[in-house]
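To start, the structure under review is shown below, and the notes come after it.
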Amino acid sequence: MNSIERFKYCPVCGSPHFVPTSEKSLRCEACGFEYFMNASAANVALIINEREELLVTRRNREPAKGTLDMPGGFADAYETAEEGVVREVMEETGLEVTQCQYLFSIPNCYNYSGIDIPTLDMFFRCHVRDVEALHAADDAAEAFWIPIREVDPSQIGLRSIREGVKRFITLYTTP
């Protein structure tokens with residue numbers, strides 16, 4: 001089911017006359033409010049240590065609980081993508097990002113509480129201070145390093161993260 005079809009009442013006036021105007025929008029016939037289902041911003045940190053290892057986490061929650069992931073998550077309101085990736089890395093790993101560089105983005109669909117949320121996942125190459133401070137917290141059940149050439153993207157549970165890691169490995173390992 002398209003997520004927008006789950007919205008039955010206008011959030012402004014409560015009217016049940018909240019009808020589709022396109023595959024991504026609804027309009028209230030009572031008050032005129034129009035809602036667009038746009039992508040939510042999400043960020044992903046790709047962190048390599050001095051031993052050429054990639055930092056990975058293990059998901060602590062659904063969707064894909066128990067599978068591999070990268071530090072990251074949704075950007076908060078009024079937060080830049082860079083601020084979001086710095087915050088998420090600190091929350092999930094305890095590491096302080098000292099530099100982040102935007103690499104690329106991948107659209108995704110993230111199932112949250114039974115609703116498919118369209119996302120735009122932005123991938124950042126991040127550098128961190130003191131890798132010894134690493135510890136898993138928040139959404140990460142574990143946080144650990146894997147040699148970049150041994151990373152198996154098929155072990156990553158979320159499609160966009162899996163595709164992003166494949167792309168990053170190709171960029172990182174191609175001379």
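Convention: chains lettered A, B, ... in structure tokens order; per-chain residue numbering from 1; ligands numbered from 1 as shown.
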
Next item on the list: Taking the chain letters and numbering used in this document, name the residues of chain A that DSSP puts in strand (DSSP E), as an NGL selection string.
Entry: :A and (18-22 or 25-28 or 34-36 or 40-47 or 53-59 or 68-69 or 72-74 or 96-112 or 115-129 or 140-147)

Note to self: Using DSSP assignments from the backbone, pull out every residue in region 34-134 of chain A that falls under helix (DSSP H, G or I) and give it to me as a PyMOL selection string.
What the structure shows: chain A and resi 81-93+131-133

Take the residues from that selection and write them out as a PDB file, in the first residue's frame, keeping C-alpha atoms.
```
ATOM      1  CA  ALA A  81      22.723  16.841   6.952  1.00  0.00           C
ATOM      2  CA  GLU A  82      26.259  17.334   8.283  1.00  0.00           C
ATOM      3  CA  GLU A  83      25.009  18.119  11.803  1.00  0.00           C
ATOM      4  CA  GLY A  84      22.791  15.054  11.610  1.00  0.00           C
ATOM      5  CA  VAL A  85      25.566  12.668  10.639  1.00  0.00           C
ATOM      6  CA  VAL A  86      27.838  14.069  13.382  1.00  0.00           C
ATOM      7  CA  ARG A  87      25.059  13.627  15.976  1.00  0.00           C
ATOM      8  CA  GLU A  88      24.134  10.116  14.824  1.00  0.00           C
ATOM      9  CA  VAL A  89      27.761   8.912  14.885  1.00  0.00           C
ATOM     10  CA  MET A  90      28.144  10.222  18.461  1.00  0.00           C
ATOM     11  CA  GLU A  91      24.818   8.678  19.580  1.00  0.00           C
ATOM     12  CA  GLU A  92      25.492   5.241  18.074  1.00  0.00           C
ATOM     13  CA  THR A  93      29.262   4.860  18.501  1.00  0.00           C
ATOM     14  CA  VAL A 131      38.784   5.490  17.546  1.00  0.00           C
ATOM     15  CA  GLU A 132      39.455   3.937  20.967  1.00  0.00           C
ATOM     16  CA  ALA A 133      36.313   5.674  22.273  1.00  0.00           C
TER      17      ALA A 133
END
```

Check: Do you know which residues are at most 10 Å from Phe124 (chain A) counting only C-alpha atoms, after dropping those on the same chain fewer than 5 positions away, and could you put them as JSON, numbers by chain?
Finding: {"A": [43, 44, 45, 46, 47, 72, 81, 82, 85, 86, 99, 100, 101, 102, 103, 104, 105, 168]}

Convert the current residue selection to file output with N, CA, C and O atoms, as a PDB file, in the first residue's frame.
```pdb
ATOM      1  N   ASN A  43      20.921  10.226   6.949  1.00  0.00           N
ATOM      2  CA  ASN A  43      22.358  10.295   6.693  1.00  0.00           C
ATOM      3  C   ASN A  43      23.042   8.998   7.078  1.00  0.00           C
ATOM      4  O   ASN A  43      22.554   8.254   7.927  1.00  0.00           O
ATOM      5  N   VAL A  44      24.162   8.744   6.422  1.00  0.00           N
ATOM      6  CA  VAL A  44      24.929   7.521   6.633  1.00  0.00           C
ATOM      7  C   VAL A  44      26.399   7.906   6.729  1.00  0.00           C
ATOM      8  O   VAL A  44      26.913   8.630   5.870  1.00  0.00           O
ATOM      9  N   ALA A  45      27.091   7.407   7.762  1.00  0.00           N
ATOM     10  CA  ALA A  45      28.516   7.681   7.945  1.00  0.00           C
ATOM     11  C   ALA A  45      29.339   6.496   7.468  1.00  0.00           C
ATOM     12  O   ALA A  45      29.092   5.357   7.872  1.00  0.00           O
ATOM     13  N   LEU A  46      30.311   6.766   6.628  1.00  0.00           N
ATOM     14  CA  LEU A  46      31.276   5.765   6.178  1.00  0.00           C
ATOM     15  C   LEU A  46      32.615   6.179   6.767  1.00  0.00           C
ATOM     16  O   LEU A  46      33.181   7.215   6.403  1.00  0.00           O
ATOM     17  N   ILE A  47      33.112   5.367   7.715  1.00  0.00           N
ATOM     18  CA  ILE A  47      34.297   5.720   8.495  1.00  0.00           C
ATOM     19  C   ILE A  47      35.335   4.616   8.336  1.00  0.00           C
ATOM     20  O   ILE A  47      35.051   3.446   8.598  1.00  0.00           O
ATOM     21  N   GLY A  72      24.234   6.141  11.462  1.00  0.00           N
ATOM     22  CA  GLY A  72      23.452   7.138  10.746  1.00  0.00           C
ATOM     23  C   GLY A  72      22.004   7.087  11.166  1.00  0.00           C
ATOM     24  O   GLY A  72      21.620   6.320  12.047  1.00  0.00           O
ATOM     25  N   ALA A  81      22.344  18.245   7.132  1.00  0.00           N
ATOM     26  CA  ALA A  81      22.723  16.841   6.952  1.00  0.00           C
ATOM     27  C   ALA A  81      24.037  16.554   7.677  1.00  0.00           C
ATOM     28  O   ALA A  81      24.197  15.500   8.307  1.00  0.00           O
ATOM     29  N   GLU A  82      24.968  17.516   7.613  1.00  0.00           N
ATOM     30  CA  GLU A  82      26.259  17.334   8.283  1.00  0.00           C
ATOM     31  C   GLU A  82      26.088  17.281   9.799  1.00  0.00           C
ATOM     32  O   GLU A  82      26.696  16.430  10.468  1.00  0.00           O
ATOM     33  N   VAL A  85      24.644  13.804  10.676  1.00  0.00           N
ATOM     34  CA  VAL A  85      25.566  12.668  10.639  1.00  0.00           C
ATOM     35  C   VAL A  85      26.525  12.727  11.826  1.00  0.00           C
ATOM     36  O   VAL A  85      26.837  11.703  12.438  1.00  0.00           O
ATOM     37  N   VAL A  86      26.964  13.922  12.217  1.00  0.00           N
ATOM     38  CA  VAL A  86      27.838  14.069  13.382  1.00  0.00           C
ATOM     39  C   VAL A  86      27.104  13.590  14.642  1.00  0.00           C
ATOM     40  O   VAL A  86      27.644  12.829  15.450  1.00  0.00           O
ATOM     41  N   GLN A  99      35.504  15.629  10.679  1.00  0.00           N
ATOM     42  CA  GLN A  99      35.349  16.087   9.297  1.00  0.00           C
ATOM     43  C   GLN A  99      34.378  15.146   8.596  1.00  0.00           C
ATOM     44  O   GLN A  99      34.412  13.931   8.814  1.00  0.00           O
ATOM     45  N   CYS A 100      33.492  15.718   7.766  1.00  0.00           N
ATOM     46  CA  CYS A 100      32.616  14.870   6.963  1.00  0.00           C
ATOM     47  C   CYS A 100      32.517  15.464   5.559  1.00  0.00           C
ATOM     48  O   CYS A 100      32.491  16.687   5.392  1.00  0.00           O
ATOM     49  N   GLN A 101      32.486  14.576   4.584  1.00  0.00           N
ATOM     50  CA  GLN A 101      32.415  14.986   3.187  1.00  0.00           C
ATOM     51  C   GLN A 101      31.264  14.228   2.528  1.00  0.00           C
ATOM     52  O   GLN A 101      31.228  12.990   2.547  1.00  0.00           O
ATOM     53  N   TYR A 102      30.345  14.981   1.931  1.00  0.00           N
ATOM     54  CA  TYR A 102      29.225  14.374   1.213  1.00  0.00           C
ATOM     55  C   TYR A 102      29.764  13.604   0.008  1.00  0.00           C
ATOM     56  O   TYR A 102      30.621  14.100  -0.729  1.00  0.00           O
ATOM     57  N   LEU A 103      29.256  12.384  -0.208  1.00  0.00           N
ATOM     58  CA  LEU A 103      29.676  11.558  -1.336  1.00  0.00           C
ATOM     59  C   LEU A 103      28.581  11.417  -2.391  1.00  0.00           C
ATOM     60  O   LEU A 103      28.796  11.711  -3.552  1.00  0.00           O
ATOM     61  N   PHE A 104      27.399  10.918  -1.979  1.00  0.00           N
ATOM     62  CA  PHE A 104      26.301  10.645  -2.910  1.00  0.00           C
ATOM     63  C   PHE A 104      25.035  10.360  -2.112  1.00  0.00           C
ATOM     64  O   PHE A 104      25.094  10.266  -0.891  1.00  0.00           O
ATOM     65  N   SER A 105      23.920  10.227  -2.814  1.00  0.00           N
ATOM     66  CA  SER A 105      22.660   9.892  -2.144  1.00  0.00           C
ATOM     67  C   SER A 105      21.962   8.758  -2.883  1.00  0.00           C
ATOM     68  O   SER A 105      22.208   8.537  -4.073  1.00  0.00           O
ATOM     69  N   PHE A 168      30.594   2.718  -2.241  1.00  0.00           N
ATOM     70  CA  PHE A 168      31.741   3.275  -1.509  1.00  0.00           C
ATOM     71  C   PHE A 168      32.962   2.372  -1.626  1.00  0.00           C
ATOM     72  O   PHE A 168      34.075   2.858  -1.844  1.00  0.00           O
TER      73      PHE A 168
END
```

Notebook entry, point to check: Quick one: distance from CA of His127 (chain A) to CA of Pro107 (chain A) in Å, one decimal?
Noted result: 24.2 Å

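One finds CA of Thr57 (chain A) at 6.5 Å from CA of Pro71 (chain A).
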
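The list of residues with at least one atom within 9 Å of Ser40 (chain A), based on only C-alpha atoms and without residues fewer than 2 positions apart in the same chain, reads Asn38, Ala42, Phe74, Ala75, Ile117, Pro118, Thr119, Leu120 and Asp121 of chain A.
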
Give me a file of those residues, with C-alpha atoms, as a short mmCIF file (atom, residue, chain, number, x, y, z; two decimals), in the first residue's frame.
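Output (result01.cif):
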```cif
data_model
loop_
_atom_site.label_atom_id
_atom_site.label_comp_id
_atom_site.auth_asym_id
_atom_site.auth_seq_id
_atom_site.Cartn_x
_atom_site.Cartn_y
_atom_site.Cartn_z
CA ASN A 38 8.18 14.06 0.27
CA ALA A 42 18.58 10.52 6.38
CA PHE A 74 17.14 10.58 10.20
CA ALA A 75 18.07 14.26 10.22
CA ILE A 117 8.51 6.31 4.65
CA PRO A 118 10.27 7.51 1.50
CA THR A 119 13.78 8.65 2.44
CA LEU A 120 16.74 10.25 0.74
CA ASP A 121 19.82 8.61 2.27
#
```

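The closest residue to Pro147 (chain A), picked from A:Asp116, A:Arg167, A:Val56, A:Pro175 and counting only C-alpha atoms, is A:Val56.
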
Note to self: What's around Phe36 (chain A) at 9 Å? Count only C-alpha atoms, leave out sequence neighbours fewer than 4 positions away in its own chain, and write the answer as a PyMOL selection string.
What the structure shows: chain A and resi 4+24-27

Output file for the selection above: N, CA, C and O atoms, as a PDB file, in the first residue's frame:
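Result went into part26.pdb, see below:
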```pdb
ATOM      1  N   ILE A   4       0.755   7.095   1.405  1.00  0.00           N
ATOM      2  CA  ILE A   4      -0.144   8.246   1.390  1.00  0.00           C
ATOM      3  C   ILE A   4      -1.609   7.807   1.498  1.00  0.00           C
ATOM      4  O   ILE A   4      -2.446   8.542   2.003  1.00  0.00           O
ATOM      5  N   LYS A  24       1.617  11.340  -4.962  1.00  0.00           N
ATOM      6  CA  LYS A  24       2.344  11.798  -3.785  1.00  0.00           C
ATOM      7  C   LYS A  24       1.652  12.936  -3.039  1.00  0.00           C
ATOM      8  O   LYS A  24       2.250  13.561  -2.174  1.00  0.00           O
ATOM      9  N   SER A  25       0.391  13.242  -3.365  1.00  0.00           N
ATOM     10  CA  SER A  25      -0.268  14.341  -2.667  1.00  0.00           C
ATOM     11  C   SER A  25      -1.749  14.074  -2.417  1.00  0.00           C
ATOM     12  O   SER A  25      -2.395  13.318  -3.131  1.00  0.00           O
ATOM     13  N   LEU A  26      -2.249  14.734  -1.375  1.00  0.00           N
ATOM     14  CA  LEU A  26      -3.660  14.695  -0.997  1.00  0.00           C
ATOM     15  C   LEU A  26      -4.120  16.137  -0.806  1.00  0.00           C
ATOM     16  O   LEU A  26      -3.356  16.980  -0.337  1.00  0.00           O
ATOM     17  N   ARG A  27      -5.381  16.390  -1.126  1.00  0.00           N
ATOM     18  CA  ARG A  27      -5.939  17.738  -0.960  1.00  0.00           C
ATOM     19  C   ARG A  27      -7.271  17.612  -0.240  1.00  0.00           C
ATOM     20  O   ARG A  27      -8.079  16.744  -0.531  1.00  0.00           O
TER      21      ARG A  27
END
```

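Here CA of Asp130 (chain A) is placed at a distance of 28.0 Å from CA of Leu158 (chain A).
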
Next item on the list: Might you pull out every residue within 9 Å of Ile48 (chain A), with only C-alpha atoms counted and same-chain residues fewer than 3 positions away left off, and present them as a list in words?
Entry: Arg51, Glu52, Glu53, Leu54, Leu55, Arg125, Cys126, His127, Val128, Trp145, Pro147 and Ile148 of chain A
